[in-house]
Amino acid sequence: MAVIEPARLSPMPPARSLQRFSPLRMLGRVSPAVWTLIGLVLFWEVAVRVTNVAEFVLPSPSRIAEEFVAYWPRLLVNSGYTVGEIVFGFVCAVLVGVPLAVLVTYSKVADRAIYPLIVTSQTIPKVAIAPLMVAWFGYGITPKIVIVVLLSFFPIVINSVVGLKASTAEMIYLAQSMGANPWQIFWKFRLPQAMPNMFAGFKLATVMAVIGAIVAEFVGSDVGLGYVIQVAGSSFNITRQFAAIVVISVIGMVLFMLMEWIERIVVPWKHASAIAEG
Amino acid sequence: MSMPQGVATPVGAHIAISGVSKTFRGRSGDVQALNDINLSIERGEFVSILGPSGCGKSTLLMLVSGLVPATRGKIEVGEKTIAGPNSDVGIVFQQDVLLEWRTALQNVMMQAEIRKSDLVAAKARATQLLEMVSLTGFEGAYPKEMSGGMRQRVSICRALLHKPPLLLMDEPFGALDAMTRDQLQLDLMRLCADNAMTVFFITHSIPEAVFLSDRVVVMSPRPGRIERIIDIDLPRPRRLAMREEPAFTHYTRELTEIFQGLGVFREEV
């Protein structure tokens, strides 16, 4: 039975990593959700027009779009600051989080002395620390980066530790029987094994990084989309707030999709389809 | 580190296990897994270690591989006394332990990459090994895309890539269905015929042990010790139909009776 399997199943085409990822196909796959979104926006537009609700309570999507077009240059400049904080903070969180995860995986002492503190520290609402960061680091970019790192490094550490610890004893035995040194065991066995978990952590971290940057800008800033929202709010410019929120959402979505795209390049095997049978 | 093979080797045992015991320290006291094991295996021999679960047969394989140290006694493989991981072996576990991020060919090639051997020659051999187990066309498939039997065949190819003088197999077909298992036993015997090597094979299946082996080592549990060693004097190449012949069933019956005597099987008569 086993010997006829290859004949029954057609051979695999060799390269399969990138050709699956075409924007058109992505659109095809998410289209039901896109239609839902379009439907909701249309409903919103009609509802606002029919009920004639005041713009400072709920602006219509078309008014938000107008505001977006009119205020576009300022939104772009402020987005630049916010995106810079998010990306720089996220990269810092990866540079801190991944080595920390490696330390926790390899050192029993770190696993027992540091890891529980990292986990329990998550009960501290980090938003509450934000004003403290401003007091310590002033109004510049530093407190924003610190807050972004504080929010996003936790999912990175936790998921990396889970991934790095997922290597089975047998896999390590196998590596040792090949004569692998600890360095090779890490780079060729443990790290690739951990990749899918690590990317799950990275994706979660991008979402947290966006939250961190906006919160930090709320607390003390004179630039960025968080600042735009705050200023617009103090003058009851709800329409401008909505425009800024849309921009933030788009930034979050783009960063998330960017991570997914990188994941497809780095972790192509995760998307291999199962064809296994008896 | 791969050793040349096919060369006439000096007379003497390939594996010499003398006075080996293994005790595991547990929370609820020490557990003796193996007690005073003495066993000598010739070069090129196919030896099965047969016993019920808990008899320490897998532990014995780990000791021979050097991945786990013995509590007492000495194990020599070739001219070397085992004191740490022995890389002159190929290992196949019950789980295929394929690396999910590597294709079939890349999984086999891992052996050459770690050993820093000639990758071009290794690739040619890997392709040839995969062909011998009917996996041509699946070189580029990820483990996820293969059935259990196909995966285990890749794992056997990986164990053989560097032409190890010794192949260690720990219940390699235990997780497979009966028919796939038959096929893999045939594949293994063909590979053994083509690659002169010693095979140390752990199993709990009596017919499997008889079908594959030159000698069957019967172990009894708690603590694991060698009960009997039986020579299997059946001609090679062996065919599946041979399992129904009296010469074959004579051995399976003898082994069954030994285990009955040990209280492994309790039958109402």
# chains A, B, ... in the order shown; residues from 1 in each chain; ligands from 1
call {"tool": "closest_atom_pairs", "arguments": {"of": "chain B", "to": "chain A", "cutoff": "7 Å", "atoms": "only C-alpha atoms", "output": "CSV"}}
result
residue,atom,partner,partner_atom,distance
B:Leu67,CA,A:Tyr173,CA,6.6
B:Pro85,CA,A:Ser177,CA,6.1
B:Asn86,CA,A:Ser177,CA,6.1
B:Ser87,CA,A:Ser177,CA,4.7
B:Val89,CA,A:Ser177,CA,6.8
B:Ile91,CA,A:Leu174,CA,6.9
B:Val97,CA,A:Met171,CA,6.1
B:Glu100,CA,A:Trp269,CA,6.8
B:Trp101,CA,A:Trp269,CA,5.2
B:Gln111,CA,A:Met178,CA,6.2
B:Ile114,CA,A:Ala180,CA,5.9
B:Arg115,CA,A:Met178,CA,6.7
B:Ser134,CA,A:Val3,CA,6.3
B:Leu135,CA,A:Pro6,CA,6.4
B:Gly137,CA,A:Pro11,CA,4.8
B:Phe138,CA,A:Pro11,CA,5.8
B:Gly140,CA,A:Pro14,CA,5.1
B:Ala141,CA,A:Met12,CA,5.9
B:Tyr142,CA,A:Trp269,CA,6.7
B:Lys144,CA,A:Ala274,CA,5.3
B:Glu145,CA,A:Ala274,CA,4.6
B:Met146,CA,A:Ala276,CA,4.8
B:Ser147,CA,A:Ala276,CA,4.2
B:Gly149,CA,A:Ala2,CA,6.8
B:Met179,CA,A:Met1,CA,6.5
B:Thr180,CA,A:Ala2,CA,5.2
B:Gln183,CA,A:Ala2,CA,6.3
call {"tool": "select_by_dssp", "arguments": {"residues": "segment 21-226 of chain A", "states": "alpha helix (DSSP H)", "output": "MDAnalysis selection string"}}
result
chainID A and resid 23:51 61:106 108:113 115:120 126:137 142:164 169:177 182:184 191:219 225:226
call {"tool": "residues_around", "arguments": {"residues": "Leu186 of chain B", "least_positions_apart": "5", "cutoff": "9 Å", "atoms": "only C-alpha atoms", "output": "PyMOL selection string"}}
result
chain B and resi 181+191+212+238-240
call {"tool": "atom_distance", "arguments": {"atom1": "atom CA of Ser213 of chain B", "atom2": "atom CA of Pro235 of chain B"}}
result
10.9 Å
call {"tool": "atom_distance", "arguments": {"atom1": "atom CA of Leu150 of chain A", "atom2": "atom CA of Leu75 of chain A"}}
result
26.0 Å
call {"tool": "atom_distance", "arguments": {"atom1": "atom CA of Asn107 of chain B", "atom2": "atom CA of Lys203 of chain A"}}
result
28.3 Å
